[in-house]
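Comments concern the structure below.
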Amino acid sequence: MGRLVVVSNRIALPDHSKNGAGGLAVGLLDALQEQGGLWFGWNGEIREITGEDEPLYTEQDKNITYAACSLTQNDYDLYYSQFSNTVIWPAFHYRLDLVEYQREAWEGYLRVNQMLAEKLYPLLQHNDVIWVHDYHLLPFAAALRLHQVKQPLGFFLHIPFPAPEVLMALPDYQEILRLMTAYDLLGFQTERDAQAFLSAITQETDVVTVEKGIYQAYGNTFHLHDYPIGVDPDSISKLAQGPLPPKMQAIRKELGDAKNIIACERLDYSKGIPERFLAYESFLEKYPEQRGNIRYTQIAPTSRGEVQAYQAIRHQLETETGRINGKYGTMSWTPLYYLNQHFDRRLLMKIFRLTDIALITPLRDGMNLVAKEYLAAQDPADPGVLILSKFAGAACELTEALLVNPYDRDEVARAIYQAITMSQSERVDRHAKMMAILQHQTITRWRETFLDDLYQILE
Ligand SMILES: O=P(O)(O)OC[C@H]1O[C@H](O[C@H]2O[C@H](CO)[C@@H](O)[C@H](O)[C@H]2O)[C@H](O)[C@@H](O)[C@@H]1O
Ligand SMILES: O=c1ccn([C@@H]2O[C@H](COP(=O)(O)OP(=O)(O)O)[C@@H](O)[C@H]2O)c(=O)[nH]1
């Protein structure tokens with residue numbers, strides 16, 4: 001098996017303190033720590049580059065070699081903030097109202113993909129297998145092919161792939177589809193996402209079905225399958241059971257005897273936090289006897305703060321938190337704790353174990369690793385209850401969660417009450433069934449099944 005070369009916009013450098021929230025880097029770090037290889041991407045820095053040949057940042061950490069480049073402000077603005085996060089991200093999360101399309105950004109997106117391909121190409125070895133990740137790099141394979149790269153190229157999309165009717169709103173969607181066929185293998189989180197891609201391309205051009213899962217279009221042959229990303233349940237369980245750091249010892253007392261709801265995600269409009277706050281308010285209205293006995297802690301570190309839509313939602317949450325606490329709080333009870341802060345992932349697992357309910361209700365989400373981490377962090381003998389949006393990729397596997405429509409605040413309110421009053425035996429039963437799934441579809445299985453399929457294409 002040749003060397004694995006992983007390419008992603010975000011990489012998790014060995015210095016944990018520099019790593020933001022986000023499931024992609026978490027998943028890829030786990031995958032690379034197991035197999036080893038080269039991880040190429042953006043080092044998170046913005047620098048005006050004097051010469052064309054700005055040296056790559058390189059670092060070796062155990063069996064992972066990091067090679068990363070910085071971006072100029074202009075590249076960052078056009079490729080990351082504008083086209084990736086103000087065109088593709090909102091469109092692929094069914095928020096066409098938030099798409100701000102500018103052709104300059106599309107051109108910048110293509111140019112940065114070409115620049116990254118030019119930087120990676122010299123590092124490649126003959127028997128490498130190249131695994132490219134996510135929506136920042138849809139045209140990356142086509143850019144590498146221009147350098148006569150023949151090594152197998154796989155791609156995995158961590159976010160949803162939208163229905164054709166939504167995708168077709170993007171002015172360059174046909175070119176995006178064509179460029180994606182330069183990959184040998186296209187991987188998606190769920191079958192729904194894979195089918196959405198196939199439907200879109202079938203509507204756009206002649207697609208030959210070689211056999212189920214293998215297709216030809218635009219002169220290319222590509223394989224197509226779903227590979228739901230997982231977690232490492234055993235390591236999460238160990239982290240969760242470990243002792244709390246001294247400064248956090250008080251948290252057990254702070255959480256007290258109340259029923260504790262936890263929610264944790266990047267501050268992103270796709271995560272449905274404002275809608276969730278309204279559902280919590282609906283719960284406080286419908287079940288007034290619960291007031292004073294429940295606490296909802298929302299952890300939401302800032303994400304993509306330079307993007308206007310993300311600034312707007314941050315202000316909205318600050319206002320809503322004050323309104324709800326002002327309306328329902330008492331001298332001795334605060335209903336809602338909103339923490340616009342990043343928590344170290346290792347600490348989060350301990351916090352998850354101390355809570356009774358996880359309220360994870362994204363409007364649309366590629367997978368949502370937090371849902372899986374919450375389950376893995378629980379005490380199997382007395383687990384918390386997962387309330388999960390049916391529009392999260394994780395809902396395809398975690399059918400024993402209380403699945404809800406995140407737009408239906410009354411349904412979510414009823415689910416909170418159901419979770420609070422659920423018997424221990426039912427909580428144990430639901431949790432055990434979902435843990436069996438997490439133990440099967442681990443991060444290792446995700447990596448192995450994808451790479452096995454990619455290597456088979458070589459044969
Ligand atoms: O890199 P950022 O702009 O800070 O964003 C963080 C990551 O967010 C997204 O994560 C996705 O991948 C997760 C793991 O597969 C998945 O569970 C989640 O549903 C997705 O939202 C984004 O796709 C990543 O590229 C970002 O690094
Ligand atoms: O303050 C935080 C918030 C989130 N996370 C981690 O960030 C990842 C979020 O991944 P998910 O797939 O849920 O959503 P994404 O951010 O990738 O859309 C999970 O591993 C969380 O444990 C973290 O370490 N600190």
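Every chain in the structure tokens takes a letter, A first, then B, and so on in the order presented; its residues are numbered from 1, and the ligands are numbered from 1 following the presented order.
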Excluding Tyr407 (chain A) and its own-chain neighbours fewer than 3 positions away, which residues fall within 10 Å of it when counting only C-alpha atoms? Please give them as JSON, numbers by chain. {"A": [272, 275, 276, 278, 279, 361, 362, 363, 389, 404, 410, 411, 412]}
With only C-alpha atoms and all ligand atoms counted, collect every polymer residue having an atom within 8 Å of ligand 1; state the result as a PyMOL selection string. chain A and resi 8-11+20-27+80+85+133-136+157-160+189+229+266+303-304+365-370+392-393
Extract, using only C-alpha atoms, all DNA, RNA and protein residues at most 6 Å from Tyr183 (chain A), discarding same-chain residues fewer than 6 positions from it, and format them as a PyMOL selection string. chain A and resi 141+153-154
Resulting file, chosen residues, C-alpha atoms, as a PDB file, in the first residue's frame:
```pdb
ATOM      1  CA  ALA A 141      -8.160  16.795  -8.989  1.00  0.00           C
ATOM      2  CA  LEU A 153      -7.289  10.558  -6.613  1.00  0.00           C
ATOM      3  CA  GLY A 154     -10.137  10.172  -4.109  1.00  0.00           C
TER       4      GLY A 154
END
```
Among region 220-416 of chain A, which ones does DSSP place in alpha helix (DSSP H), written as number ranges by chain? A: 233-241, 250-255, 273-286, 308-328, 345-353, 369-377, 409-416
Using DSSP secondary structure from the backbone, list all strand (DSSP E) positions within region 217-424 of chain A, as a PyMOL selection string. chain A and resi 217+220-226+259-264+294-299+336-339+357-360+385-389+402-404
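Considering only C-alpha atoms and all ligand atoms, the residue among A:Arg145, A:Lys327, A:His440, A:Arg364 positioned nearest to ligand 2 is A:Arg364.
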Taking 4 positions as the minimum chain separation for residues in the same chain, which residues sit within 9 Å of Tyr328 (chain A) when counting only C-alpha atoms? Answer as a list in words.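 Near neighbours after the sequence-gap exclusion: Glu281, Leu284, Arg291, Arg323, Ile324, Trp333, Thr334 and Pro335 of chain A.
The closest residue to ligand 2, picked from A:Glu397, A:Glu165, A:Glu265, A:Asp206 and counting only C-alpha atoms and all ligand atoms, is A:Glu265.
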Which residues come within 10 Å of Pro171 (chain A), counting only C-alpha atoms, excluding same-chain residues fewer than 5 positions away, as a compact mmCIF listing (two decimals) with C-alpha atoms, in the first residue's frame?
```txt
# COMPACT_ATOMS: atom_id res chain seq x y z
CA TYR A 101 -22.20 34.98 -5.88
CA GLN A 102 -19.41 36.98 -7.46
CA ARG A 103 -17.51 35.79 -10.53
CA TRP A 106 -15.17 31.88 -8.51
CA ILE A 176 -18.32 22.17 -10.74
```
Please provide as a list in words all residues within 9 Å of Gln60 (chain A), with the sequence filter that same-chain residues fewer than 6 positions apart are discarded (counting only C-alpha atoms). Pro14, Tyr66 and Ala67 of chain A
Excluding region 238-248 of chain A and any residue of its chain fewer than 3 positions from it, enumerate the residues within 6 Å of it, using only C-alpha atoms, and give them as a PyMOL selection string. chain A and resi 235+251+349-350+377
Residues from the last selection, all heavy atoms, saved as a PDB file, in the first residue's frame:
```
ATOM      1  N   SER A 235     -11.692   5.697  22.676  1.00  0.00           N
ATOM      2  CA  SER A 235     -10.841   6.785  23.170  1.00  0.00           C
ATOM      3  C   SER A 235     -11.700   7.910  23.756  1.00  0.00           C
ATOM      4  O   SER A 235     -11.333   8.537  24.752  1.00  0.00           O
ATOM      5  CB  SER A 235      -9.954   7.331  22.047  1.00  0.00           C
ATOM      6  OG  SER A 235     -10.720   8.100  21.137  1.00  0.00           O
ATOM      7  N   ILE A 251     -17.675  22.306  38.316  1.00  0.00           N
ATOM      8  CA  ILE A 251     -18.779  22.183  37.353  1.00  0.00           C
ATOM      9  C   ILE A 251     -19.813  21.173  37.845  1.00  0.00           C
ATOM     10  O   ILE A 251     -21.013  21.328  37.651  1.00  0.00           O
ATOM     11  CB  ILE A 251     -18.264  21.796  35.950  1.00  0.00           C
ATOM     12  CG1 ILE A 251     -19.369  21.955  34.912  1.00  0.00           C
ATOM     13  CG2 ILE A 251     -17.727  20.381  35.924  1.00  0.00           C
ATOM     14  CD1 ILE A 251     -18.901  21.776  33.487  1.00  0.00           C
ATOM     15  N   MET A 349     -15.610  16.127  26.194  1.00  0.00           N
ATOM     16  CA  MET A 349     -16.077  14.747  26.390  1.00  0.00           C
ATOM     17  C   MET A 349     -16.466  14.517  27.855  1.00  0.00           C
ATOM     18  O   MET A 349     -17.426  13.806  28.151  1.00  0.00           O
ATOM     19  CB  MET A 349     -15.006  13.750  25.948  1.00  0.00           C
ATOM     20  CG  MET A 349     -14.543  13.905  24.502  1.00  0.00           C
ATOM     21  SD  MET A 349     -15.878  13.889  23.286  1.00  0.00           S
ATOM     22  CE  MET A 349     -15.767  15.546  22.623  1.00  0.00           C
ATOM     23  N   LYS A 350     -15.740  15.153  28.748  1.00  0.00           N
ATOM     24  CA  LYS A 350     -16.061  15.017  30.180  1.00  0.00           C
ATOM     25  C   LYS A 350     -17.371  15.743  30.506  1.00  0.00           C
ATOM     26  O   LYS A 350     -18.214  15.249  31.268  1.00  0.00           O
ATOM     27  CB  LYS A 350     -14.916  15.563  31.027  1.00  0.00           C
ATOM     28  CG  LYS A 350     -13.563  14.930  30.742  1.00  0.00           C
ATOM     29  CD  LYS A 350     -12.449  15.608  31.533  1.00  0.00           C
ATOM     30  CE  LYS A 350     -11.085  15.244  31.002  1.00  0.00           C
ATOM     31  NZ  LYS A 350     -10.790  13.796  31.093  1.00  0.00           N
ATOM     32  N   ALA A 377     -19.461   9.299  24.975  1.00  0.00           N
ATOM     33  CA  ALA A 377     -18.986   9.834  26.262  1.00  0.00           C
ATOM     34  C   ALA A 377     -19.861   9.383  27.434  1.00  0.00           C
ATOM     35  O   ALA A 377     -19.498   9.566  28.593  1.00  0.00           O
ATOM     36  CB  ALA A 377     -18.933  11.361  26.205  1.00  0.00           C
TER      37      ALA A 377
END
```
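Comparing the minimum interatomic distances between ligand 2 and each of A:Gly329, A:Gly41, A:Pro55, A:Pro228, counting only C-alpha atoms and all ligand atoms, we find that A:Pro228 sits nearest.
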